[in-house]
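What follows is the content of coords38.cif, which has mmCIF, C-alpha atoms and all ligand atoms:
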data_query
loop_
_atom_site.group_PDB
_atom_site.id
_atom_site.type_symbol
_atom_site.label_atom_id
_atom_site.label_comp_id
_atom_site.auth_asym_id
_atom_site.auth_seq_id
_atom_site.Cartn_x
_atom_site.Cartn_y
_atom_site.Cartn_z
ATOM 1 C CA MET A 1 75.942 26.973 168.797
ATOM 2 C CA ILE A 2 77.639 26.614 165.422
ATOM 3 C CA ARG A 3 80.419 24.028 165.530
ATOM 4 C CA GLU A 4 83.370 23.339 163.267
ATOM 5 C CA VAL A 5 82.739 20.704 160.595
ATOM 6 C CA LEU A 6 85.521 18.153 160.110
ATOM 7 C CA VAL A 7 86.785 17.948 156.549
ATOM 8 C CA TYR A 8 88.310 14.970 154.758
ATOM 9 C CA PRO A 9 91.025 13.646 155.236
ATOM 10 C CA ASP A 10 90.473 14.245 158.969
ATOM 11 C CA ARG A 11 90.913 10.754 160.427
ATOM 12 C CA ARG A 12 88.137 11.262 162.954
ATOM 13 C CA LEU A 13 85.651 10.896 160.085
ATOM 14 C CA LYS A 14 86.638 7.211 159.914
ATOM 15 C CA VAL A 15 85.666 6.528 163.519
ATOM 16 C CA LYS A 16 82.683 4.244 164.100
ATOM 17 C CA SER A 17 80.076 5.946 166.236
ATOM 18 C CA LYS A 18 78.665 4.376 169.392
ATOM 19 C CA LYS A 19 75.155 3.761 170.602
ATOM 20 C CA VAL A 20 73.485 6.609 172.479
ATOM 21 C CA GLU A 21 72.404 5.457 175.947
ATOM 22 C CA LYS A 22 71.314 8.683 177.592
ATOM 23 C CA PHE A 23 68.566 10.899 176.199
ATOM 24 C CA ASP A 24 69.472 13.835 178.380
ATOM 25 C CA GLU A 25 70.221 17.529 178.129
ATOM 26 C CA LYS A 26 73.689 16.807 176.750
ATOM 27 C CA LEU A 27 72.166 14.966 173.795
ATOM 28 C CA HIS A 28 69.681 17.784 173.230
ATOM 29 C CA THR A 29 72.497 20.353 173.219
ATOM 30 C CA LEU A 30 74.386 18.227 170.693
ATOM 31 C CA LEU A 31 71.298 18.001 168.454
ATOM 32 C CA ASN A 32 70.688 21.742 168.714
ATOM 33 C CA ASP A 33 74.331 22.492 167.873
ATOM 34 C CA MET A 34 74.161 20.112 164.922
ATOM 35 C CA ASN A 35 71.112 21.906 163.573
ATOM 36 C CA ASP A 36 72.707 25.348 164.036
ATOM 37 C CA THR A 37 75.756 24.080 162.165
ATOM 38 C CA MET A 38 73.774 22.424 159.355
ATOM 39 C CA VAL A 39 71.620 25.519 158.808
ATOM 40 C CA ASP A 40 74.686 27.789 158.849
ATOM 41 C CA ARG A 41 76.334 25.648 156.164
ATOM 42 C CA ASN A 42 73.180 25.150 154.058
ATOM 43 C CA GLY A 43 73.387 21.384 154.500
ATOM 44 C CA ILE A 44 70.531 18.912 154.266
ATOM 45 C CA GLY A 45 72.090 16.429 156.683
ATOM 46 C CA LEU A 46 74.793 16.220 159.319
ATOM 47 C CA ALA A 47 76.131 13.378 161.441
ATOM 48 C CA GLY A 48 77.535 13.752 164.958
ATOM 49 C CA ILE A 49 80.960 12.558 163.882
ATOM 50 C CA GLN A 50 81.184 15.478 161.439
ATOM 51 C CA ILE A 51 81.464 17.791 164.429
ATOM 52 C CA GLY A 52 83.710 15.310 166.228
ATOM 53 C CA LYS A 53 81.096 13.519 168.345
ATOM 54 C CA ALA A 54 81.202 9.761 167.773
ATOM 55 C CA ASP A 55 77.620 9.081 168.794
ATOM 56 C CA ASN A 56 74.999 7.314 166.664
ATOM 57 C CA VAL A 57 73.198 10.528 165.834
ATOM 58 C CA PHE A 58 72.377 12.416 162.680
ATOM 59 C CA ILE A 59 69.928 15.039 161.548
ATOM 60 C CA MET A 60 68.333 15.733 158.186
ATOM 61 C CA ASN A 61 66.159 18.445 156.753
ATOM 62 C CA ILE A 62 65.074 17.658 153.234
ATOM 63 C CA PRO A 63 64.175 20.690 151.135
ATOM 64 C CA ASN A 64 60.996 20.869 149.056
ATOM 65 C CA LYS A 65 60.957 21.028 145.244
ATOM 66 C CA ASP A 66 61.861 24.726 145.319
ATOM 67 C CA GLY A 67 64.868 24.042 147.526
ATOM 68 C CA ASP A 68 63.319 25.566 150.658
ATOM 69 C CA GLN A 69 63.863 24.034 154.080
ATOM 70 C CA PHE A 70 61.452 24.364 156.970
ATOM 71 C CA PRO A 71 62.365 23.893 160.652
ATOM 72 C CA GLU A 72 59.335 21.633 161.192
ATOM 73 C CA ASN A 73 60.761 19.134 158.691
ATOM 74 C CA LEU A 74 63.852 18.526 160.799
ATOM 75 C CA LEU A 75 64.400 14.845 161.506
ATOM 76 C CA GLU A 76 66.535 13.904 164.503
ATOM 77 C CA ILE A 77 67.752 10.330 164.166
ATOM 78 C CA ILE A 78 69.296 8.455 167.071
ATOM 79 C CA ASN A 79 70.545 4.840 167.053
ATOM 80 C CA PRO A 80 69.242 4.164 163.537
ATOM 81 C CA GLU A 81 68.807 0.761 161.937
ATOM 82 C CA ILE A 82 67.995 0.039 158.318
ATOM 83 C CA VAL A 83 65.450 -2.774 158.538
ATOM 84 C CA SER A 84 65.098 -3.352 154.793
ATOM 85 C CA LYS A 85 66.092 -1.810 151.474
ATOM 86 C CA SER A 86 64.293 -1.914 148.146
ATOM 87 C CA ASP A 87 66.032 -3.390 145.108
ATOM 88 C CA GLU A 88 64.976 -0.341 143.151
ATOM 89 C CA MET A 89 67.984 1.942 143.011
ATOM 90 C CA LYS A 90 68.275 5.620 142.330
ATOM 91 C CA THR A 91 71.287 7.639 141.290
ATOM 92 C CA TYR A 92 71.613 10.976 142.937
ATOM 93 C CA GLU A 93 74.324 13.611 142.832
ATOM 94 C CA GLU A 94 75.513 13.777 146.416
ATOM 95 C CA GLY A 95 77.522 16.311 148.323
ATOM 96 C CA CYS A 96 78.793 16.383 151.885
ATOM 97 C CA LEU A 97 79.831 19.157 154.272
ATOM 98 C CA SER A 98 82.980 17.112 154.990
ATOM 99 C CA LEU A 99 83.866 17.117 151.275
ATOM 100 C CA PRO A 100 83.264 20.744 150.358
ATOM 101 C CA GLU A 101 82.614 21.518 146.708
ATOM 102 C CA TYR A 102 82.773 17.877 145.676
ATOM 103 C CA TYR A 103 79.707 16.327 144.048
ATOM 104 C CA GLU A 104 79.336 12.916 142.480
ATOM 105 C CA ASP A 105 76.631 10.470 141.448
ATOM 106 C CA VAL A 106 75.952 7.724 143.972
ATOM 107 C CA LYS A 107 73.544 4.818 143.541
ATOM 108 C CA ARG A 108 71.445 3.808 146.531
ATOM 109 C CA SER A 109 68.125 2.166 147.355
ATOM 110 C CA ASN A 110 65.194 4.426 146.642
ATOM 111 C CA LYS A 111 63.042 3.053 149.430
ATOM 112 C CA ILE A 112 64.065 1.898 152.894
ATOM 113 C CA GLU A 113 62.383 0.827 156.070
ATOM 114 C CA VAL A 114 64.058 2.261 159.143
ATOM 115 C CA LYS A 115 63.917 2.214 162.909
ATOM 116 C CA PHE A 116 65.418 4.867 165.145
ATOM 117 C CA GLN A 117 64.884 6.792 168.360
ATOM 118 C CA ASN A 118 63.939 10.421 168.715
ATOM 119 C CA ARG A 119 65.555 12.834 171.197
ATOM 120 C CA PHE A 120 63.391 11.448 173.992
ATOM 121 C CA GLY A 121 64.368 7.842 173.276
ATOM 122 C CA GLU A 122 61.013 6.933 171.733
ATOM 123 C CA VAL A 123 61.276 4.298 169.003
ATOM 124 C CA GLN A 124 60.091 5.382 165.557
ATOM 125 C CA HIS A 125 59.353 3.138 162.598
ATOM 126 C CA GLN A 126 59.243 4.738 159.155
ATOM 127 C CA VAL A 127 59.327 3.953 155.471
ATOM 128 C CA LEU A 128 61.374 6.526 153.596
ATOM 129 C CA GLU A 129 61.504 7.228 149.879
ATOM 130 C CA ASP A 130 63.438 9.269 147.336
ATOM 131 C CA LEU A 131 65.772 11.965 148.644
ATOM 132 C CA THR A 132 64.805 11.267 152.256
ATOM 133 C CA ALA A 133 65.879 7.628 151.807
ATOM 134 C CA ILE A 134 69.056 8.629 149.962
ATOM 135 C CA ALA A 135 70.049 11.174 152.619
ATOM 136 C CA PHE A 136 69.326 8.679 155.398
ATOM 137 C CA GLN A 137 71.713 6.146 153.816
ATOM 138 C CA HIS A 138 74.374 8.837 153.302
ATOM 139 C CA GLU A 139 74.187 9.896 156.963
ATOM 140 C CA PHE A 140 73.985 6.286 158.146
ATOM 141 C CA ASP A 141 77.306 5.674 156.351
ATOM 142 C CA HIS A 142 78.912 8.457 158.411
ATOM 143 C CA LEU A 143 78.110 6.507 161.591
ATOM 144 C CA ASN A 144 80.142 3.628 160.152
ATOM 145 C CA GLY A 145 83.045 5.923 159.285
ATOM 146 C CA LYS A 146 82.210 5.982 155.583
ATOM 147 C CA LEU A 147 82.151 8.915 153.190
ATOM 148 C CA PHE A 148 80.169 8.882 149.962
ATOM 149 C CA PHE A 149 83.179 8.706 147.648
ATOM 150 C CA GLU A 150 83.699 5.183 148.975
ATOM 151 C CA ARG A 151 80.552 4.255 147.047
ATOM 152 C CA ILE A 152 81.630 5.488 143.618
ATOM 153 C CA SER A 153 83.587 3.613 140.941
ATOM 154 C CA TYR A 154 87.295 2.905 141.314
ATOM 155 C CA MET A 155 88.197 5.210 138.429
ATOM 156 C CA LYS A 156 86.151 8.102 139.749
ATOM 157 C CA ARG A 157 87.635 7.571 143.180
ATOM 158 C CA LYS A 158 91.180 7.705 141.804
ATOM 159 C CA LYS A 159 90.315 10.961 140.104
ATOM 160 C CA PHE A 160 88.772 12.286 143.285
ATOM 161 C CA GLU A 161 91.934 11.517 145.306
ATOM 162 C CA LYS A 162 94.094 13.249 142.711
ATOM 163 C CA ASP A 163 91.890 16.340 142.460
ATOM 164 C CA TRP A 164 91.475 16.561 146.228
ATOM 165 C CA LYS A 165 95.239 16.686 146.814
ATOM 166 C CA LYS A 166 95.590 19.480 144.263
ATOM 167 C CA ARG A 167 92.978 21.740 145.856
ATOM 168 C CA LYS A 168 93.768 24.686 148.190
HETATM 169 CO CO CO B 1 77.987 13.691 154.531
#

In structure tokens, what does this structure look like?
Amino acid sequence: MIREVLVYPDRRLKVKSKKVEKFDEKLHTLLNDMNDTMVDRNGIGLAGIQIGKADNVFIMNIPNKDGDQFPENLLEIINPEIVSKSDEMKTYEEGCLSLPEYYEDVKRSNKIEVKFQNRFGEVQHQVLEDLTAIAFQHEFDHLNGKLFFERISYMKRKKFEKDWKKRK
């Protein structure tokens, strides 16, 4: 089921998400709804809190070079941890379904080692690179109540706040 995506400055986006304890049907419904919503909005990632569910859950589906997404590339991430980050940084123009039509360059680690659980509670260990690593860090921020404009320069952020108020 497609759900409503919360948009900044909705205060719920600042809520810190909590650890998932039960890997039951309710969680699976949430994950399915998140995917329906992400696909409907042409997103490449979505965190639970963006549909108002403060659980440590996000999904990602990274497109290929031609911009195509495939269902089999869906990653369901539960209770994630970033074990280590490379010093090598990459700047990427990010967007977010909670900040519609706003795009800005953000600098993040290009390679990260992560640990998370899948929808059945099984622990996964992975090394992620490039856009997959960038998207993971973006979504991970959502679980801590952070949006990507909090990672840009002070001047750009000031401009963002001004422009955002003027829109609509
Ligand atoms: Co986002």

Exercise for the section: Grab me every residue within 9 Å of ligand CO 1 (chain B), counting only C-alpha atoms and all ligand atoms, and send it over as a list in words. Expected result: Gly43, Gly45, Leu46, Ala47, Gln50, Glu94, Gly95, Cys96, Leu97, Ser98, Leu99, Ala135, His138, Glu139, Asp141, His142, Lys146, Leu147 and Phe148 of chain A

Problem - Selected residue of minimal separation from Gln117 in chain A among A:Asn79, A:Asn42, A:Ser84, A:Asn73, counting all atoms listed in the file - result: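 Nearest candidate to Gln117 in chain A out of A:Asn79, A:Asn42, A:Ser84, A:Asn73: A:Asn79.
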
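When you apply the PyMOL selection byres (((chain A and resi 1) around 8) and not hetatm) to this structure, what comes back is Ile2, Arg3, Asn32, Asp33, Asp36 and Thr37 of chain A.
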
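When all atoms listed in the file are used to measure the gap to Phe70 in chain A, the shortest distance among A:Ile44, A:Lys90, A:Leu131, A:Asp55 belongs to A:Ile44.
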
Exercise for the section: Tell me, in Å to one decimal, how far CA of Leu75 in chain A is from CA of Asp40 in chain A. Expected result: 16.7 Å

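Nearest residue to Tyr8 in chain A among A:Pro71, A:Gly121, A:Gly48, A:Gly145 is A:Gly145, counting all atoms listed in the file.
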
Exercise for the section: Give as a list in words the residues that the PyMOL selection byres (((chain A and resi 126) around 10) and not hetatm) matches when applied to the coordinates above. Expected result: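 Applying the PyMOL selection byres (((chain A and resi 126) around 10) and not hetatm) to the structure shown produces Ile82, Val83, Ile112, Glu113, Val114, Lys115, Phe116, Gln124, His125, Val127, Leu128 and Glu129 of chain A.
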
Report as a PDB file with C-alpha atoms, in the coordinates of the input the residues that result from applying the PyMOL selection byres (((chain A and resi 16-22) around 9) and not hetatm) to the structure here.
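Below is the file selection.pdb, written as the result:
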ATOM      1  CA  ARG A  12      88.137  11.262 162.954  1.00  0.00           C
ATOM      2  CA  LEU A  13      85.651  10.896 160.085  1.00  0.00           C
ATOM      3  CA  LYS A  14      86.638   7.211 159.914  1.00  0.00           C
ATOM      4  CA  VAL A  15      85.666   6.528 163.519  1.00  0.00           C
ATOM      5  CA  PHE A  23      68.566  10.899 176.199  1.00  0.00           C
ATOM      6  CA  ASP A  24      69.472  13.835 178.380  1.00  0.00           C
ATOM      7  CA  GLU A  25      70.221  17.529 178.129  1.00  0.00           C
ATOM      8  CA  LYS A  26      73.689  16.807 176.750  1.00  0.00           C
ATOM      9  CA  LEU A  27      72.166  14.966 173.795  1.00  0.00           C
ATOM     10  CA  GLY A  48      77.535  13.752 164.958  1.00  0.00           C
ATOM     11  CA  ILE A  49      80.960  12.558 163.882  1.00  0.00           C
ATOM     12  CA  LYS A  53      81.096  13.519 168.345  1.00  0.00           C
ATOM     13  CA  ALA A  54      81.202   9.761 167.773  1.00  0.00           C
ATOM     14  CA  ASP A  55      77.620   9.081 168.794  1.00  0.00           C
ATOM     15  CA  ASN A  56      74.999   7.314 166.664  1.00  0.00           C
ATOM     16  CA  VAL A  57      73.198  10.528 165.834  1.00  0.00           C
ATOM     17  CA  ILE A  78      69.296   8.455 167.071  1.00  0.00           C
ATOM     18  CA  ASN A  79      70.545   4.840 167.053  1.00  0.00           C
ATOM     19  CA  GLY A 121      64.368   7.842 173.276  1.00  0.00           C
ATOM     20  CA  HIS A 142      78.912   8.457 158.411  1.00  0.00           C
ATOM     21  CA  LEU A 143      78.110   6.507 161.591  1.00  0.00           C
ATOM     22  CA  ASN A 144      80.142   3.628 160.152  1.00  0.00           C
ATOM     23  CA  GLY A 145      83.045   5.923 159.285  1.00  0.00           C
ATOM     24  CA  LYS A 146      82.210   5.982 155.583  1.00  0.00           C
TER      25      LYS A 146
END

Practice task
Would you mind reading off the distance between CA of Lys159 in chain A and CA of Glu4 in chain A, one decimal, in Å?
Solution key: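 If I compute the distance from CA of Lys159 in chain A to CA of Glu4 in chain A, I get 27.2 Å.
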
Exercise for the section: Name all residues at most 7 Å from Leu74 in chain A (count only C-alpha atoms; drop same-chain ones fewer than 2 positions away) and give them as number ranges by chain. Expected result: A: 60-61, 71-72, 76

Need the axis-aligned box for range 136-150 of chain A with 5 Å each side, so what are the centre and edges in Å to one decimal, as AutoDock Vina command-line options?
--center_x 76.5 --center_y 6.8 --center_z 154.6 --size_x 24.4 --size_y 16.3 --size_z 23.9

Problem - Selection near Lys156 in chain A, 12 Å with only C-alpha atoms, sequence-local residues under 6 positions removed, as an NGL selection string - result: :A and (102-106 or 148-150 or 162-164)

Selection to disk with C-alpha atoms, as an mmCIF file, in the frame of the given file:
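Full text of selection_15.cif as output:
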data_model
loop_
_atom_site.group_PDB
_atom_site.id
_atom_site.type_symbol
_atom_site.label_atom_id
_atom_site.label_comp_id
_atom_site.auth_asym_id
_atom_site.auth_seq_id
_atom_site.Cartn_x
_atom_site.Cartn_y
_atom_site.Cartn_z
ATOM 1 C CA TYR A 102 82.773 17.877 145.676
ATOM 2 C CA TYR A 103 79.707 16.327 144.048
ATOM 3 C CA GLU A 104 79.336 12.916 142.480
ATOM 4 C CA ASP A 105 76.631 10.470 141.448
ATOM 5 C CA VAL A 106 75.952 7.724 143.972
ATOM 6 C CA PHE A 148 80.169 8.882 149.962
ATOM 7 C CA PHE A 149 83.179 8.706 147.648
ATOM 8 C CA GLU A 150 83.699 5.183 148.975
ATOM 9 C CA LYS A 162 94.094 13.249 142.711
ATOM 10 C CA ASP A 163 91.890 16.340 142.460
ATOM 11 C CA TRP A 164 91.475 16.561 146.228
#

Exercise for the section: Would you work out the distance separating CA of Asp130 in chain A from CA of Asn110 in chain A, expressed in Å to one decimal? Expected result: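 Those two atoms sit 5.2 Å apart.
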
Handout entry: Option closest in space to Val123 in chain A, from A:Met89, A:Ile77, A:Met38, A:Leu30 [counting only C-alpha atoms]
Key =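 Of all the options, A:Ile77 lies closest to Val123 in chain A.
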
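Nearest-residue note for Leu6 in chain A: choosing from A:Asn35, A:Lys166, A:Asp66, A:Pro100, the minimum distance belongs to A:Pro100, counting only C-alpha atoms.
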
Handout entry: Residue among A:Tyr92, A:Val5, A:Asp68, A:Glu101 lying closest to Arg167 in chain A, counting all atoms listed in the file
Key =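 For Arg167 in chain A, the nearest of the given residues is A:Glu101.
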